[in-house]
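Enquirer: Please find structure.cif (mmCIF, C-alpha atoms) on the next line:
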```cif
data_query
loop_
_atom_site.group_PDB
_atom_site.id
_atom_site.type_symbol
_atom_site.label_atom_id
_atom_site.label_comp_id
_atom_site.auth_asym_id
_atom_site.auth_seq_id
_atom_site.Cartn_x
_atom_site.Cartn_y
_atom_site.Cartn_z
ATOM 1 C CA MET F 1 33.337 -0.189 -23.255
ATOM 2 C CA SER F 2 30.653 2.310 -22.429
ATOM 3 C CA ALA F 3 27.825 0.833 -20.399
ATOM 4 C CA PRO F 4 24.303 0.513 -21.785
ATOM 5 C CA SER F 5 22.249 3.586 -21.059
ATOM 6 C CA PHE F 6 19.079 5.346 -22.164
ATOM 7 C CA ARG F 7 18.346 9.005 -22.879
ATOM 8 C CA PRO F 8 17.051 11.249 -20.052
ATOM 9 C CA LYS F 9 13.781 11.616 -21.972
ATOM 10 C CA THR F 10 13.275 7.837 -21.737
ATOM 11 C CA TYR F 11 13.977 7.845 -17.993
ATOM 12 C CA VAL F 12 11.504 10.676 -17.407
ATOM 13 C CA SER F 13 8.829 8.935 -19.517
ATOM 14 C CA VAL F 14 9.266 5.685 -17.581
ATOM 15 C CA TYR F 15 9.080 7.690 -14.350
ATOM 16 C CA GLY F 16 5.770 9.217 -15.511
ATOM 17 C CA VAL F 17 4.322 5.792 -16.334
ATOM 18 C CA LEU F 18 5.443 4.475 -12.919
ATOM 19 C CA LEU F 19 3.694 7.330 -11.093
ATOM 20 C CA ALA F 20 0.522 6.711 -13.130
ATOM 21 C CA LEU F 21 0.675 3.016 -12.148
ATOM 22 C CA VAL F 22 0.976 3.976 -8.450
ATOM 23 C CA LEU F 23 -2.206 6.041 -8.836
ATOM 24 C CA ILE F 24 -4.000 3.149 -10.599
ATOM 25 C CA THR F 25 -2.911 0.745 -7.823
ATOM 26 C CA VAL F 26 -4.416 3.013 -5.149
ATOM 27 C CA LEU F 27 -7.662 3.511 -7.109
ATOM 28 C CA VAL F 28 -8.033 -0.264 -7.621
ATOM 29 C CA GLY F 29 -7.652 -0.660 -3.844
ATOM 30 C CA TYR F 30 -10.849 1.317 -3.235
ATOM 31 C CA VAL F 31 -12.870 -1.250 -5.222
ATOM 32 C CA ASP F 32 -13.784 -4.396 -3.315
ATOM 33 C CA LEU F 33 -12.674 -7.241 -5.585
ATOM 34 C CA GLY F 34 -12.104 -9.754 -2.790
ATOM 35 C CA TRP F 35 -9.046 -11.834 -3.669
ATOM 36 C CA GLY F 36 -8.893 -9.955 -6.975
ATOM 37 C CA THR F 37 -7.611 -6.807 -5.258
ATOM 38 C CA GLU F 38 -4.440 -8.554 -4.126
ATOM 39 C CA PHE F 39 -4.015 -10.152 -7.551
ATOM 40 C CA VAL F 40 -4.399 -6.848 -9.421
ATOM 41 C CA ALA F 41 -2.117 -5.010 -6.953
ATOM 42 C CA VAL F 42 0.664 -7.598 -7.333
ATOM 43 C CA THR F 43 0.210 -7.713 -11.121
ATOM 44 C CA ILE F 44 0.590 -3.922 -11.385
ATOM 45 C CA ALA F 45 3.574 -4.135 -9.004
ATOM 46 C CA THR F 46 5.147 -6.673 -11.389
ATOM 47 C CA ILE F 47 4.626 -4.310 -14.340
ATOM 48 C CA LYS F 48 6.255 -1.499 -12.318
ATOM 49 C CA ALA F 49 9.147 -3.757 -11.236
ATOM 50 C CA SER F 50 9.694 -4.827 -14.861
ATOM 51 C CA LEU F 51 9.836 -1.194 -16.015
ATOM 52 C CA VAL F 52 12.382 -0.363 -13.289
ATOM 53 C CA ALA F 53 14.508 -3.415 -14.183
ATOM 54 C CA MET F 54 14.284 -2.910 -17.971
ATOM 55 C CA PHE F 55 15.002 0.832 -18.081
ATOM 56 C CA PHE F 56 16.464 2.146 -14.802
ATOM 57 C CA MET F 57 18.601 -0.981 -14.361
ATOM 58 C CA HIS F 58 18.955 -1.133 -18.175
ATOM 59 C CA ALA F 59 18.470 -4.905 -18.237
ATOM 60 C CA LEU F 60 16.965 -4.353 -21.699
ATOM 61 C CA ALA F 61 20.373 -3.375 -23.060
ATOM 62 C CA GLU F 62 22.421 -5.933 -21.122
ATOM 63 C CA LYS F 63 24.065 -9.105 -22.362
ATOM 64 C CA ARG F 64 22.366 -12.479 -22.323
ATOM 65 C CA LEU F 65 24.449 -13.553 -19.318
ATOM 66 C CA VAL F 66 22.670 -10.920 -17.207
ATOM 67 C CA TRP F 67 19.331 -12.178 -18.532
ATOM 68 C CA LEU F 68 20.334 -15.684 -17.471
ATOM 69 C CA VAL F 69 20.964 -14.449 -13.908
ATOM 70 C CA ILE F 70 17.581 -12.663 -13.847
ATOM 71 C CA ALA F 71 15.829 -15.768 -15.201
ATOM 72 C CA GLY F 72 17.620 -17.883 -12.588
ATOM 73 C CA ALA F 73 16.444 -15.590 -9.775
ATOM 74 C CA LEU F 74 12.850 -15.722 -11.022
ATOM 75 C CA VAL F 75 12.836 -19.506 -11.522
ATOM 76 C CA TRP F 76 14.215 -20.145 -8.013
ATOM 77 C CA PHE F 77 11.654 -17.762 -6.546
ATOM 78 C CA LEU F 78 8.885 -19.602 -8.429
ATOM 79 C CA ILE F 79 10.136 -22.934 -7.022
ATOM 80 C CA LEU F 80 10.037 -21.418 -3.536
ATOM 81 C CA VAL F 81 6.468 -20.149 -3.956
ATOM 82 C CA THR F 82 5.131 -23.184 -5.839
ATOM 83 C CA LEU F 83 6.384 -25.784 -3.383
ATOM 84 C CA THR F 84 5.360 -23.730 -0.347
ATOM 85 C CA MET F 85 1.860 -22.984 -1.611
ATOM 86 C CA GLY F 86 1.528 -26.521 -3.013
ATOM 87 C CA ASP F 87 1.915 -27.723 0.559
ATOM 88 C CA TYR F 88 -0.263 -25.191 2.383
ATOM 89 C CA ILE F 89 -3.104 -25.055 -0.162
ATOM 90 C CA THR F 90 -3.539 -28.844 -0.320
ATOM 91 C CA ARG F 91 -3.285 -29.545 3.431
ATOM 92 C CA SER F 92 -7.047 -29.497 3.922
ATOM 93 C CA TRP F 93 -7.767 -31.695 0.893
ATOM 94 C CA LEU F 94 -6.918 -35.085 2.357
ATOM 95 C CA PRO F 95 -8.461 -36.441 5.556
ATOM 96 C CA PHE F 96 -5.190 -37.364 7.246
ATOM 97 C CA PRO F 97 -5.445 -37.588 11.025
ATOM 98 C CA GLY F 98 -3.567 -35.125 13.176
ATOM 99 C CA LYS F 99 -3.537 -32.268 10.692
ATOM 100 C CA MET J 1 51.653 7.510 -17.263
ATOM 101 C CA PRO J 2 48.712 5.129 -17.742
ATOM 102 C CA SER J 3 45.380 6.563 -18.801
ATOM 103 C CA PRO J 4 42.672 6.707 -16.081
ATOM 104 C CA THR J 5 40.953 3.741 -17.710
ATOM 105 C CA GLU J 6 44.078 1.585 -17.706
ATOM 106 C CA SER J 7 44.959 2.489 -14.127
ATOM 107 C CA MET J 8 41.484 1.360 -13.019
ATOM 108 C CA LEU J 9 41.912 -2.023 -14.719
ATOM 109 C CA ARG J 10 42.640 -4.691 -12.090
ATOM 110 C CA GLU J 11 45.304 -7.198 -13.009
ATOM 111 C CA GLN J 12 42.993 -10.220 -13.150
ATOM 112 C CA TYR J 13 41.114 -8.721 -16.122
ATOM 113 C CA GLY J 14 42.263 -8.625 -19.734
ATOM 114 C CA THR J 15 40.184 -5.681 -20.854
ATOM 115 C CA PRO J 16 38.085 -2.894 -19.270
ATOM 116 C CA GLU J 17 35.115 -4.481 -21.033
ATOM 117 C CA GLN J 18 35.681 -7.781 -19.238
ATOM 118 C CA GLN J 19 36.056 -5.988 -15.910
ATOM 119 C CA ARG J 20 32.783 -4.128 -16.418
ATOM 120 C CA ASP J 21 30.924 -7.313 -17.375
ATOM 121 C CA SER J 22 32.243 -9.113 -14.283
ATOM 122 C CA VAL J 23 31.106 -6.328 -11.966
ATOM 123 C CA THR J 24 27.671 -6.138 -13.604
ATOM 124 C CA VAL J 25 27.019 -9.889 -13.569
ATOM 125 C CA GLY J 26 28.381 -10.111 -10.015
ATOM 126 C CA MET J 27 25.994 -7.393 -8.864
ATOM 127 C CA TRP J 28 23.033 -9.080 -10.550
ATOM 128 C CA ILE J 29 23.948 -12.377 -8.852
ATOM 129 C CA PHE J 30 24.012 -10.560 -5.495
ATOM 130 C CA LEU J 31 20.560 -9.143 -6.292
ATOM 131 C CA ALA J 32 19.375 -12.687 -7.129
ATOM 132 C CA THR J 33 20.339 -13.719 -3.585
ATOM 133 C CA GLU J 34 18.373 -10.710 -2.325
ATOM 134 C CA VAL J 35 15.361 -11.977 -4.276
ATOM 135 C CA MET J 36 15.600 -15.213 -2.279
ATOM 136 C CA PHE J 37 16.079 -13.268 0.978
ATOM 137 C CA PHE J 38 12.954 -11.138 0.539
ATOM 138 C CA GLY J 39 11.197 -13.934 -1.394
ATOM 139 C CA GLY J 40 11.040 -16.158 1.687
ATOM 140 C CA LEU J 41 9.288 -13.380 3.606
ATOM 141 C CA PHE J 42 6.872 -12.713 0.738
ATOM 142 C CA ALA J 43 6.049 -16.449 0.536
ATOM 143 C CA ALA J 44 5.449 -16.603 4.315
ATOM 144 C CA PHE J 45 3.220 -13.524 4.073
ATOM 145 C CA ALA J 46 1.234 -15.160 1.240
ATOM 146 C CA VAL J 47 0.650 -18.318 3.328
ATOM 147 C CA TYR J 48 -0.611 -16.401 6.381
ATOM 148 C CA HIS J 49 -2.637 -14.059 4.205
ATOM 149 C CA MET J 50 -4.342 -17.167 2.802
ATOM 150 C CA TYR J 51 -5.035 -18.539 6.307
ATOM 151 C CA PHE J 52 -6.092 -15.248 7.946
ATOM 152 C CA THR J 53 -7.627 -13.356 5.020
ATOM 153 C CA ARG J 54 -10.056 -11.293 7.140
ATOM 154 C CA GLY J 55 -7.535 -10.354 9.813
ATOM 155 C CA PHE J 56 -4.862 -9.366 7.289
ATOM 156 C CA SER J 57 -7.425 -7.315 5.401
ATOM 157 C CA GLU J 58 -8.358 -5.491 8.627
ATOM 158 C CA GLY J 59 -4.670 -4.988 9.392
ATOM 159 C CA SER J 60 -4.161 -3.501 5.952
ATOM 160 C CA ALA J 61 -7.033 -1.069 6.664
ATOM 161 C CA GLU J 62 -4.840 0.410 9.448
ATOM 162 C CA MET J 63 -2.253 1.575 6.913
ATOM 163 C CA ASN J 64 -1.857 5.262 6.091
ATOM 164 C CA ILE J 65 -2.437 5.187 2.319
ATOM 165 C CA VAL J 66 -1.590 8.886 1.862
ATOM 166 C CA LEU J 67 1.870 8.570 3.411
ATOM 167 C CA GLY J 68 2.359 5.174 1.719
ATOM 168 C CA SER J 69 1.535 6.505 -1.755
ATOM 169 C CA ILE J 70 3.657 9.632 -1.278
ATOM 170 C CA ASN J 71 6.544 7.441 -0.136
ATOM 171 C CA THR J 72 6.219 5.242 -3.226
ATOM 172 C CA ALA J 73 6.399 8.348 -5.418
ATOM 173 C CA VAL J 74 9.346 9.636 -3.355
ATOM 174 C CA LEU J 75 11.270 6.408 -3.874
ATOM 175 C CA LEU J 76 10.526 6.319 -7.619
ATOM 176 C CA THR J 77 11.814 9.911 -7.824
ATOM 177 C CA SER J 78 15.066 8.851 -6.173
ATOM 178 C CA SER J 79 15.392 6.077 -8.772
ATOM 179 C CA LEU J 80 15.013 8.683 -11.520
ATOM 180 C CA THR J 81 17.727 10.924 -10.031
ATOM 181 C CA MET J 82 19.992 7.862 -9.636
ATOM 182 C CA ALA J 83 19.479 6.858 -13.290
ATOM 183 C CA LEU J 84 20.226 10.433 -14.401
ATOM 184 C CA ALA J 85 23.348 10.565 -12.190
ATOM 185 C CA ILE J 86 24.746 7.528 -14.010
ATOM 186 C CA TYR J 87 23.707 8.914 -17.398
ATOM 187 C CA HIS J 88 25.722 12.074 -16.750
ATOM 188 C CA ALA J 89 28.660 10.052 -15.411
ATOM 189 C CA ALA J 90 28.749 8.128 -18.692
ATOM 190 C CA ALA J 91 28.826 11.465 -20.534
ATOM 191 C CA GLY J 92 31.672 12.729 -18.336
ATOM 192 C CA ARG J 93 29.575 15.427 -16.617
ATOM 193 C CA LEU J 94 30.681 14.431 -13.140
ATOM 194 C CA VAL J 95 29.659 17.635 -11.382
ATOM 195 C CA ARG J 96 26.070 16.840 -12.307
ATOM 196 C CA THR J 97 26.606 13.251 -11.175
ATOM 197 C CA TYR J 98 27.851 14.551 -7.815
ATOM 198 C CA TRP J 99 24.794 16.747 -7.214
ATOM 199 C CA LEU J 100 22.342 14.123 -8.482
ATOM 200 C CA LEU J 101 23.865 11.544 -6.122
ATOM 201 C CA LEU J 102 23.514 13.930 -3.181
ATOM 202 C CA LEU J 103 19.910 14.603 -4.268
ATOM 203 C CA THR J 104 19.278 10.842 -4.433
ATOM 204 C CA ALA J 105 20.620 10.391 -0.892
ATOM 205 C CA PHE J 106 18.476 13.297 0.335
ATOM 206 C CA ILE J 107 15.314 11.847 -1.251
ATOM 207 C CA GLY J 108 16.228 8.516 0.358
ATOM 208 C CA LEU J 109 16.334 10.276 3.737
ATOM 209 C CA VAL J 110 12.919 11.822 3.040
ATOM 210 C CA PHE J 111 11.599 8.295 2.403
ATOM 211 C CA LEU J 112 12.964 7.080 5.751
ATOM 212 C CA ALA J 113 11.552 10.137 7.557
ATOM 213 C CA ILE J 114 8.063 9.424 6.191
ATOM 214 C CA LYS J 115 8.459 5.712 6.949
ATOM 215 C CA PHE J 116 9.343 6.378 10.588
ATOM 216 C CA THR J 117 6.478 8.868 10.868
ATOM 217 C CA GLU J 118 4.212 5.954 9.896
ATOM 218 C CA TYR J 119 5.911 3.675 12.445
ATOM 219 C CA TYR J 120 5.292 6.284 15.145
ATOM 220 C CA GLN J 121 1.623 6.541 14.160
ATOM 221 C CA HIS J 122 1.207 2.751 14.385
ATOM 222 C CA TYR J 123 2.921 2.801 17.778
ATOM 223 C CA GLN J 124 0.609 5.551 19.044
ATOM 224 C CA GLU J 125 -2.418 3.624 17.775
ATOM 225 C CA HIS J 126 -1.232 0.555 19.740
ATOM 226 C CA LYS J 127 -0.645 -1.413 16.559
ATOM 227 C CA ALA J 128 3.001 -2.287 17.236
ATOM 228 C CA PRO J 129 3.066 -6.043 18.073
ATOM 229 C CA GLY J 130 3.808 -6.915 21.663
ATOM 230 C CA MET J 131 2.408 -5.959 25.055
ATOM 231 C CA TRP J 132 1.208 -2.535 23.806
ATOM 232 C CA PHE J 133 -0.856 -4.040 20.998
ATOM 233 C CA GLU J 134 -4.590 -3.352 21.293
ATOM 234 C CA SER J 135 -7.500 -4.258 19.025
ATOM 235 C CA ASN J 136 -11.235 -4.772 19.571
ATOM 236 C CA SER J 137 -11.540 -6.883 16.429
ATOM 237 C CA PRO J 138 -12.410 -10.601 16.727
ATOM 238 C CA TYR J 139 -9.380 -11.096 14.454
ATOM 239 C CA ALA J 140 -6.997 -9.260 16.823
ATOM 240 C CA SER J 141 -4.327 -12.001 16.755
ATOM 241 C CA ALA J 142 -4.308 -12.094 12.964
ATOM 242 C CA ILE J 143 -4.038 -8.294 12.841
ATOM 243 C CA GLU J 144 -1.080 -8.472 15.230
ATOM 244 C CA LEU J 145 0.526 -11.092 12.972
ATOM 245 C CA PHE J 146 -0.043 -8.765 9.999
ATOM 246 C CA PHE J 147 1.858 -6.062 11.868
ATOM 247 C CA VAL J 148 4.680 -8.477 12.713
ATOM 248 C CA PHE J 149 5.142 -9.033 8.960
ATOM 249 C CA TYR J 150 4.728 -5.311 8.295
ATOM 250 C CA PHE J 151 7.412 -4.218 10.761
ATOM 251 C CA ILE J 152 9.890 -6.959 9.845
ATOM 252 C CA MET J 153 9.566 -6.575 6.066
ATOM 253 C CA THR J 154 9.422 -2.771 5.880
ATOM 254 C CA GLY J 155 12.091 -2.662 8.614
ATOM 255 C CA LEU J 156 14.453 -4.830 6.565
ATOM 256 C CA HIS J 157 13.672 -2.638 3.566
ATOM 257 C CA ALA J 158 14.473 0.478 5.638
ATOM 258 C CA LEU J 159 17.774 -1.180 6.631
ATOM 259 C CA HIS J 160 18.557 -1.676 2.932
ATOM 260 C CA MET J 161 17.658 1.983 2.334
ATOM 261 C CA THR J 162 19.986 3.092 5.149
ATOM 262 C CA ILE J 163 22.870 1.090 3.690
ATOM 263 C CA GLY J 164 22.012 2.466 0.237
ATOM 264 C CA ILE J 165 21.989 6.088 1.433
ATOM 265 C CA ALA J 166 25.379 5.630 3.138
ATOM 266 C CA LEU J 167 26.806 4.103 -0.074
ATOM 267 C CA VAL J 168 25.363 6.893 -2.245
ATOM 268 C CA VAL J 169 26.989 9.539 -0.017
ATOM 269 C CA ILE J 170 30.335 7.676 -0.094
ATOM 270 C CA PHE J 171 30.144 7.411 -3.898
ATOM 271 C CA ALA J 172 29.222 11.108 -4.201
ATOM 272 C CA ILE J 173 32.391 11.958 -2.250
ATOM 273 C CA ARG J 174 34.414 9.598 -4.457
ATOM 274 C CA THR J 175 32.911 11.251 -7.547
ATOM 275 C CA ALA J 176 34.005 14.654 -6.235
ATOM 276 C CA ALA J 177 37.449 13.202 -5.467
ATOM 277 C CA GLY J 178 37.854 12.180 -9.109
ATOM 278 C CA TRP J 179 37.565 8.422 -8.816
ATOM 279 C CA PHE J 180 35.279 8.145 -11.822
ATOM 280 C CA SER J 181 35.239 9.280 -15.425
ATOM 281 C CA ALA J 182 33.240 8.797 -18.602
ATOM 282 C CA SER J 183 35.343 5.715 -19.384
ATOM 283 C CA TYR J 184 35.335 4.320 -15.840
ATOM 284 C CA HIS J 185 32.226 4.544 -13.659
ATOM 285 C CA THR J 186 31.305 0.861 -13.257
ATOM 286 C CA PRO J 187 31.043 1.116 -9.426
ATOM 287 C CA LEU J 188 28.389 3.809 -9.884
ATOM 288 C CA GLU J 189 26.425 1.440 -12.125
ATOM 289 C CA ALA J 190 26.604 -1.320 -9.510
ATOM 290 C CA LEU J 191 25.410 1.185 -6.895
ATOM 291 C CA GLY J 192 22.531 2.139 -9.202
ATOM 292 C CA LEU J 193 21.507 -1.519 -9.611
ATOM 293 C CA TYR J 194 21.332 -1.890 -5.818
ATOM 294 C CA TRP J 195 19.322 1.314 -5.414
ATOM 295 C CA HIS J 196 16.777 0.372 -8.096
ATOM 296 C CA PHE J 197 16.437 -3.137 -6.653
ATOM 297 C CA VAL J 198 15.553 -1.719 -3.229
ATOM 298 C CA ASP J 199 12.980 0.402 -5.069
ATOM 299 C CA ILE J 200 11.493 -2.766 -6.631
ATOM 300 C CA VAL J 201 11.214 -4.415 -3.192
ATOM 301 C CA TRP J 202 9.253 -1.394 -1.950
ATOM 302 C CA ILE J 203 6.921 -1.554 -4.982
ATOM 303 C CA TYR J 204 5.908 -5.063 -3.852
ATOM 304 C CA LEU J 205 5.717 -4.119 -0.162
ATOM 305 C CA PHE J 206 3.376 -1.271 -1.084
ATOM 306 C CA ALA J 207 1.195 -3.682 -3.106
ATOM 307 C CA ILE J 208 0.815 -6.326 -0.373
ATOM 308 C CA PHE J 209 0.504 -4.122 2.735
ATOM 309 C CA TYR J 210 -1.377 -0.979 1.711
ATOM 310 C CA ILE J 211 -3.898 -1.956 -0.956
ATOM 311 C CA VAL J 212 -5.987 -4.908 0.298
ATOM 312 C CA GLY J 213 -7.712 -3.046 3.161
ATOM 313 C CA LEU J 214 -8.340 0.208 1.301
ATOM 314 C CA HIS J 215 -12.033 -0.345 0.529
ATOM 315 C CA LYS J 216 -12.891 -0.843 4.224
#
```
Step by step, read the file and then write its structure as structure tokens.
Expert:
Amino acid sequence: MSAPSFRPKTYVSVYGVLLALVLITVLVGYVDLGWGTEFVAVTIATIKASLVAMFFMHALAEKRLVWLVIAGALVWFLILVTLTMGDYITRSWLPFPGK
Amino acid sequence: MPSPTESMLREQYGTPEQQRDSVTVGMWIFLATEVMFFGGLFAAFAVYHMYFTRGFSEGSAEMNIVLGSINTAVLLTSSLTMALAIYHAAAGRLVRTYWLLLLTAFIGLVFLAIKFTEYYQHYQEHKAPGMWFESNSPYASAIELFFVFYFIMTGLHALHMTIGIALVVIFAIRTAAGWFSASYHTPLEALGLYWHFVDIVWIYLFAIFYIVGLHK
């Protein structure tokens, strides 16, 4: 019945990688990439978030039902973002009056 | 006399295993609702960032990257101590769990102290939205909007941290009082999931607020 868990060495290694990624995020910020800066920052944030979820929250060792909940959360968030941005990005495309 | 594990088994569950799975899945479902809660704010931020790219970039340049980076490291450290606390609980070393939980709560308080230091700096620099807000930039309104998002989103995160710290202290006391054991520490795991999730939210807040304006 024991819960999934990793060894302390694993936790410390993941912690080290996370700190390195924080440093990389800050260094990337000092380069002017235009829109790319935001993209890279959020991409690195996603890698960090995945590491936290996989190891600290031990999603990696959980049952498929937990994975289903995580997938559900991500899919619903993608629907939220896709529909919202699909509206706002395309508003200037068509010459409707009163926009 | 029932064993500690049996006495912790609620009557609606057949086995301790089933009880643990229910708690874990239930906690993940709660976190999924939190994804939608913060997700709406992130989506709104993305829309306004798209409309007011220059202003939001100038707003981001007002951030204190040193304090922000230190705070990110501070929060990641608290996640490490939380993970280790649960590891030792699973091994039955509950004294270590107790001290690691108290350490986690303390590091959480350090995070809030640094966060409110930043808030005070923004206030002094007249960057808090409202009648005190001042900016010479042609994008002043957009910068003010950036700070509206900043204060609401990091403020809600700080609220989650405050709740988390209170829970960690309560669970440290319960650990000392003998509520948990190697065979029963599921509530600690649920607490850990919450704590790490709040950490993940901060990782994204750090990425969207602090980084874009750095090169200015």
Enquirer: The PyMOL selection byres ((chain J and resi 101) around 9) on the file shown: which residues, as a list in words?
Expert: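 Against this file, the PyMOL selection byres ((chain J and resi 101) around 9) returns the residues Thr81, Met82, Ala85, Ile86, Arg96, Thr97, Tyr98, Trp99, Leu100, Leu102, Leu103, Thr104, Ala105, Phe106, Val168, Val169, Phe171 and Ala172 of chain J.
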Enquirer: Once the PyMOL selection byres ((chain J and resi 197) around 9) is applied to the coordinates I shared, what remains selected? I want it as a ChimeraX atom specification.
Expert: /F:49,52-53,57 /J:31,34,192-196,198-202
Enquirer: Can you work out which residues from chain J touch chain F at a cut-off of 8 Å (counting only C-alpha atoms) and hand them back as JSON, numbers by chain?
Expert: {"J": [16, 17, 20, 24, 25, 28, 29, 32, 33, 35, 36, 39, 40, 43, 47, 69, 72, 73, 76, 77, 79, 80, 83, 84, 87, 90, 182, 183, 186, 192, 193, 196, 197, 200, 203, 204, 207, 208, 211, 212, 213, 214, 215]}
Enquirer: In Å, with one decimal, what is the gap from atom CA of Pro129 of chain J to atom CA of Ile163 of chain J?
Expert: 25.5 Å
Enquirer: Which value, in Å to one decimal, gives the distance between atom CA of His88 of chain J and atom CA of Ile173 of chain J?
Expert: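 Separation of atom CA of His88 of chain J and atom CA of Ile173 of chain J: 16.0 Å.
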Enquirer: Find the distance between atom CA of Met153 of chain J and atom CA of Leu60 of chain F and write it in Å to one decimal.
Expert: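 Atom CA of Met153 of chain J sits 28.8 Å away from atom CA of Leu60 of chain F.
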Enquirer: Residues at most 12 Å from Ser181 of chain J, counting all atoms listed in the file, excluding those fewer than 2 positions away in the same chain, as a ChimeraX atom specification?
Expert: /F:2 /J:3-8,86-95,97-98,174-179,183-188
Enquirer: Using the chain letters and numbers from the file, give me the residues hit by the PyMOL selection byres ((chain J and resi 145) around 9), as a list in words.
Expert: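 This file gives the following for the PyMOL selection byres ((chain J and resi 145) around 9): Tyr48, Gly55, Phe56, Gly59, Pro129, Ala140, Ser141, Ala142, Ile143, Glu144, Phe146, Phe147, Val148, Phe149 and Tyr150 of chain J.
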Enquirer: Ranking J:Glu134, J:Lys216, J:Gly164, J:Phe30 by minimum distance to Ser60 of chain J and counting all atoms listed in the file, which one comes first?
Expert: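 Distance minimum relative to Ser60 of chain J lands on J:Lys216.
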